Protein chains: 4
Amino acid sequence: MPPDVLSEAAVADAECLADAGVRQRRKEARPQELLDAALALFVEKGFAATRAEEVAKRAGVSKGTLYLYYPSKEELFKAVVRRNLSSLIAEGLEVAGSYEGSSADLLALLIQTWWERFGNTPAAGIHKVILAEVRNFPELAQFYADEVMVPADRLFGGCVERGVARGEFRPMPTHEVSLALIAPLIFMAIHRHSFGCCPVHGTAEMDPELMLKTHLDLVLRGLQVRPDEPPAKTHRKGPVKTAA
Amino acid sequence: MPPDVLSEAAVADAECLADAGVRQRRKEARPQELLDAALALFVEKGFAATRAEEVAKRAGVSKGTLYLYYPSKEELFKAVVRRNLSSLIAEGLEVAGSYEGSSADLLALLIQTWWERFGNTPAAGIHKVILAEVRNFPELAQFYADEVMVPADRLFGGCVERGVARGEFRPMPTHEVSLALIAPLIFMAIHRHSFGCCPVHGTAEMDPELMLKTHLDLVLRGLQVRPDEPPAKTHRKGPVKTAA
Amino acid sequence: MPPDVLSEAAVADAECLADAGVRQRRKEARPQELLDAALALFVEKGFAATRAEEVAKRAGVSKGTLYLYYPSKEELFKAVVRRNLSSLIAEGLEVAGSYEGSSADLLALLIQTWWERFGNTPAAGIHKVILAEVRNFPELAQFYADEVMVPADRLFGGCVERGVARGEFRPMPTHEVSLALIAPLIFMAIHRHSFGCCPVHGTAEMDPELMLKTHLDLVLRGLQVRPDEPPAKTHRKGPVKTAA
Amino acid sequence: MPPDVLSEAAVADAECLADAGVRQRRKEARPQELLDAALALFVEKGFAATRAEEVAKRAGVSKGTLYLYYPSKEELFKAVVRRNLSSLIAEGLEVAGSYEGSSADLLALLIQTWWERFGNTPAAGIHKVILAEVRNFPELAQFYADEVMVPADRLFGGCVERGVARGEFRPMPTHEVSLALIAPLIFMAIHRHSFGCCPVHGTAEMDPELMLKTHLDLVLRGLQVRPDEPPAKTHRKGPVKTAA
DNA sequence: AATGAATGAGATTTCATTCAT
DNA sequence: GATGAATGAAATCTCATTCAT
């Protein structure tokens, strides 16, 4: 829907005789304003509990206008997901591709970047919504897998393999390590969007920076070949080497 | 009139002991049946998207009957949480309390047990629901923190501290390590309840057992003092050294 | 649930062969107990807002038992009305028939008696319910007219006519005077059942006794022929002269 | 069904092309249309027995629209009460304030006006509903007392006191006289809304005008000082003398 | 006769969506 | 294009009534 809607809008704008100004700017900004409003609300309340009218109000338009741009709440939801996740991975792959330093440093950089650019961002809340609602929107599953899970696995997994190939890391099951790397990050992001807002008695305030550092410390040390160890032989699951 | 009525009653009473009443038995089984149905549906669809009538139907009763046992959908949900989570931690604490072996083995045992008794169980899906909807039900936040998060932190954190105290583990920030330990487990559990059902193209089938082993391998190795290292000084809450 | 009921039943069962007593007595008392409970609740909450189960509980029986005696809530309501209104008038007519004193004294006596025997009694609340619900139960209209309105009119109207005939009262439209006599009484009774329970700020506490006396004083003085007046000619249904 | 709605709609249709907003006009008319529909139904069936959807249908709108204007049935009811009762007393007090004639004539005027402007109007049926349901809506009690009972007492009571002060009336307990004055009026109004619709066999058709005149005649004659009487000393709240 | 678990029609209320202006 | 009044399907929850025990 977005593409043709937008091009139609462009035509309409061209016909718009006099003003072409404020209105113009606003009209083109509309979809993004609506997606931003929707993201914020979906992340806060979830899909079902977010009312369409609220999204419209937060975007500064009326309920009717929302439906001018997105034919249903469900389509709006999908558009939010697409918009916010699709561009995520490219950047990471780019960074990884041209990196020259040690694999440990690369992993540290990727994780730090992920956190700054995404985990610490409202968009990270989308994971919460996806995980929660994917079973109610089965078509999202494939989308999420393609857009997020597979690339993330490739990114982090690739980095692990690089380390193994260069003799920096022990050979380990790539896929599983990749998950062990990313899971605490996503979990922490989700957590902050669920509990972070209204702090709860008895739970220590979590410091994400410390958490990040600790996690990285643990995993890198877990991955790295110890000075005293002989480089292990390859086996397990084909190309992946086990530790012991 | 009275005599025969009463003798009839006596006969009835006599039979009463034998069958005790299908009705009776059903009545006693109801709460569990309802909780099971509710758990399954909440986990599948989330709280808001689950209709009360659906829960009733799955439990084989009518809408009205559900409300005979739980006064509202929200109370039903709390009952589900209580029933499925509250007894979990106690057992773990007990095991940990009397354990004699190494801290690494204890952690391995706890994680393995957690997975078998909970993570690999429908009840693990509750985490998904809680994370997704806790902001709409603030009282649940505290409830969940008290019942689940705090005890879990105590259990795993305690184990880490034990290892540090015994010189087996490097000194590290307990709370953060605890989270790094548990996050991948919960994440995996949630993931299985979101995506596990309808497998998605392009994603490798995740093998939880391997994942568990790998995660444990990574983290334990990350925690443990290296043979060549001098036993580090205790410094909790201090700056953490990165492995690299 | 009421313990006395249960223990009583237990006792009855124990004595079972011999007694035929308590149970019997209870069974015969049931309808009245149910009607009393229903009266109290209907008067307090109205017909629609009274739940059948509440009536049963107040009568010390189970919901099912209520339906053993009355086939529906509606029939129960009618039975309550019948039971509580039907015997009201007879007594008054009896008193009036044999009275020897002045008509003013007779009216005073009737009104006082009405108040003591009925107006000041829970049963007076029925008027409230009838007036409120008669349009939802059209058949009650005729019943109420026959059992209450017509006899009351006859009682008080007859007394007025007696006074007129004996030259004590001015000739006035009997029916209207009768209504003017009874209306404040019923109104006061209803009022006490509506507002009397939870006193309201700003309204003076009403003293029913004083109200009664004042009303009687006003009306009797309004009715009675003045010493200085020539005894007026009878003219029912003719135009009524205003006092001023 | 509602004539006003239909005629308005017809007018609107006629102007349709030119106008700039049937919708607008309808929107402004809505609250009154809804209140009228609600008044009619509440008076006919009572609060609990009136379904919100029925009110909407009678006002010519859908269920949802009703809730656009009033957030709950209870609020709708309060709005009906406010709209129909709150402006009533002001007018009376105004009339009374500037009146120059005798107190008897003033009372006659007030009562006549009350009847024409209110008692003989659908709004009078509200009294029925209030009395019947006030115990289920305790906050209405205070509202009704403030808006209706206290002002009415002040109006009529003030008039009685005026008569006493000017030597026209015997000194009597103001509050009680006030009630004795108003009670038959309200009672009659309620009665007409309960029984007036479907006439009942055996009860004389009540002529409200005659009833009003008779009541007024009785009470005024009861109140007024007799020519042969010495003007009594003031003694409020003291024991009241019976006429006989 | 008595019970109370079970039912399901029905009431209130919400909200995604439409459409006249 | 933009609005927001209007709609009605659907969800939660209640309660009169039934019926197996």
# chains A, B, ... in the order shown; residues from 1 in each chain; ligands from 1

call {"tool": "interface_residues", "arguments": {"of": "chain C", "to": "chain E", "cutoff": "9 Å", "atoms": "only C-alpha atoms (C1' of nucleotides)", "output": "number ranges by chain"}}
result
C: 27, 61-65, 68

call {"tool": "write_last_selection", "arguments": {"atoms": "C-alpha atoms", "output": "tab-separated table (two decimals), in the first residue's frame"}}
result
chain	number	residue	atom	x	y	z
C	27	LYS	CA	-41.63	-26.85	54.99
C	61	VAL	CA	-32.54	-21.81	51.51
C	62	SER	CA	-30.81	-22.45	48.25
C	63	LYS	CA	-31.60	-20.92	44.93
C	64	GLY	CA	-33.15	-24.12	43.71
C	65	THR	CA	-35.57	-24.26	46.59
C	68	LEU	CA	-39.61	-25.06	43.98

call {"tool": "residues_around", "arguments": {"residues": "A:Gly222", "least_positions_apart": "4", "cutoff": "12 Å", "atoms": "only C-alpha atoms (C1' of nucleotides)", "output": "MDAnalysis selection string"}}
result
(chainID A and resid 104 160 168:172 177 180:181 215:218 226 243) or (chainID B and resid 214:226 242:244)

call {"tool": "calpha_fit_rmsd", "arguments": {"fixed": "chain A", "moving": "chain B"}}
result
6.9 Å

call {"tool": "interface_residues", "arguments": {"of": "chain C", "to": "chain F", "cutoff": "10 Å", "atoms": "only C-alpha atoms (C1' of nucleotides)", "output": "ChimeraX atom specification"}}
result
/C:51-53,63-64,67,71-73

call {"tool": "closest_residue", "arguments": {"among": "B:Arg82, B:Arg58, B:Lys128, B:Lys213", "to": "chain A", "atoms": "only C-alpha atoms"}}
result
B:Lys128

call {"tool": "atom_distance", "arguments": {"atom1": "atom CA of D:Leu34", "atom2": "atom CA of D:Ala59"}}
result
5.4 Å

call {"tool": "residues_around", "arguments": {"residues": "C:His175", "least_positions_apart": "3", "cutoff": "9 Å", "atoms": "only C-alpha atoms (C1' of nucleotides)", "output": "PyMOL selection string"}}
result
(chain C and resi 153-154+156-157+172+178-180) or (chain D and resi 204+206+211)

call {"tool": "residues_around", "arguments": {"residues": "C:Glu205", "least_positions_apart": "4", "cutoff": "10 Å", "atoms": "only C-alpha atoms (C1' of nucleotides)", "output": "ChimeraX atom specification"}}
result
/C:196,199-201 /D:175

call {"tool": "write_last_selection", "arguments": {"atoms": "C-alpha atoms", "output": "mmCIF file, in the first residue's frame"}}
result
data_model
loop_
_atom_site.group_PDB
_atom_site.id
_atom_site.type_symbol
_atom_site.label_atom_id
_atom_site.label_comp_id
_atom_site.auth_asym_id
_atom_site.auth_seq_id
_atom_site.Cartn_x
_atom_site.Cartn_y
_atom_site.Cartn_z
ATOM 1 C CA GLY C 196 -35.011 7.391 55.303
ATOM 2 C CA PRO C 199 -30.020 10.489 55.794
ATOM 3 C CA VAL C 200 -29.200 13.253 53.399
ATOM 4 C CA HIS C 201 -27.481 16.500 54.189
ATOM 5 C CA HIS D 175 -41.750 22.010 57.273
#

call {"tool": "closest_residue", "arguments": {"among": "A:Val55, A:Ala165, A:Leu140, A:Leu39", "to": "chain B", "atoms": "only C-alpha atoms"}}
result
A:Leu140

call {"tool": "atom_distance", "arguments": {"atom1": "atom CA of C:Trp115", "atom2": "atom CA of C:Leu185"}}
result
7.6 Å
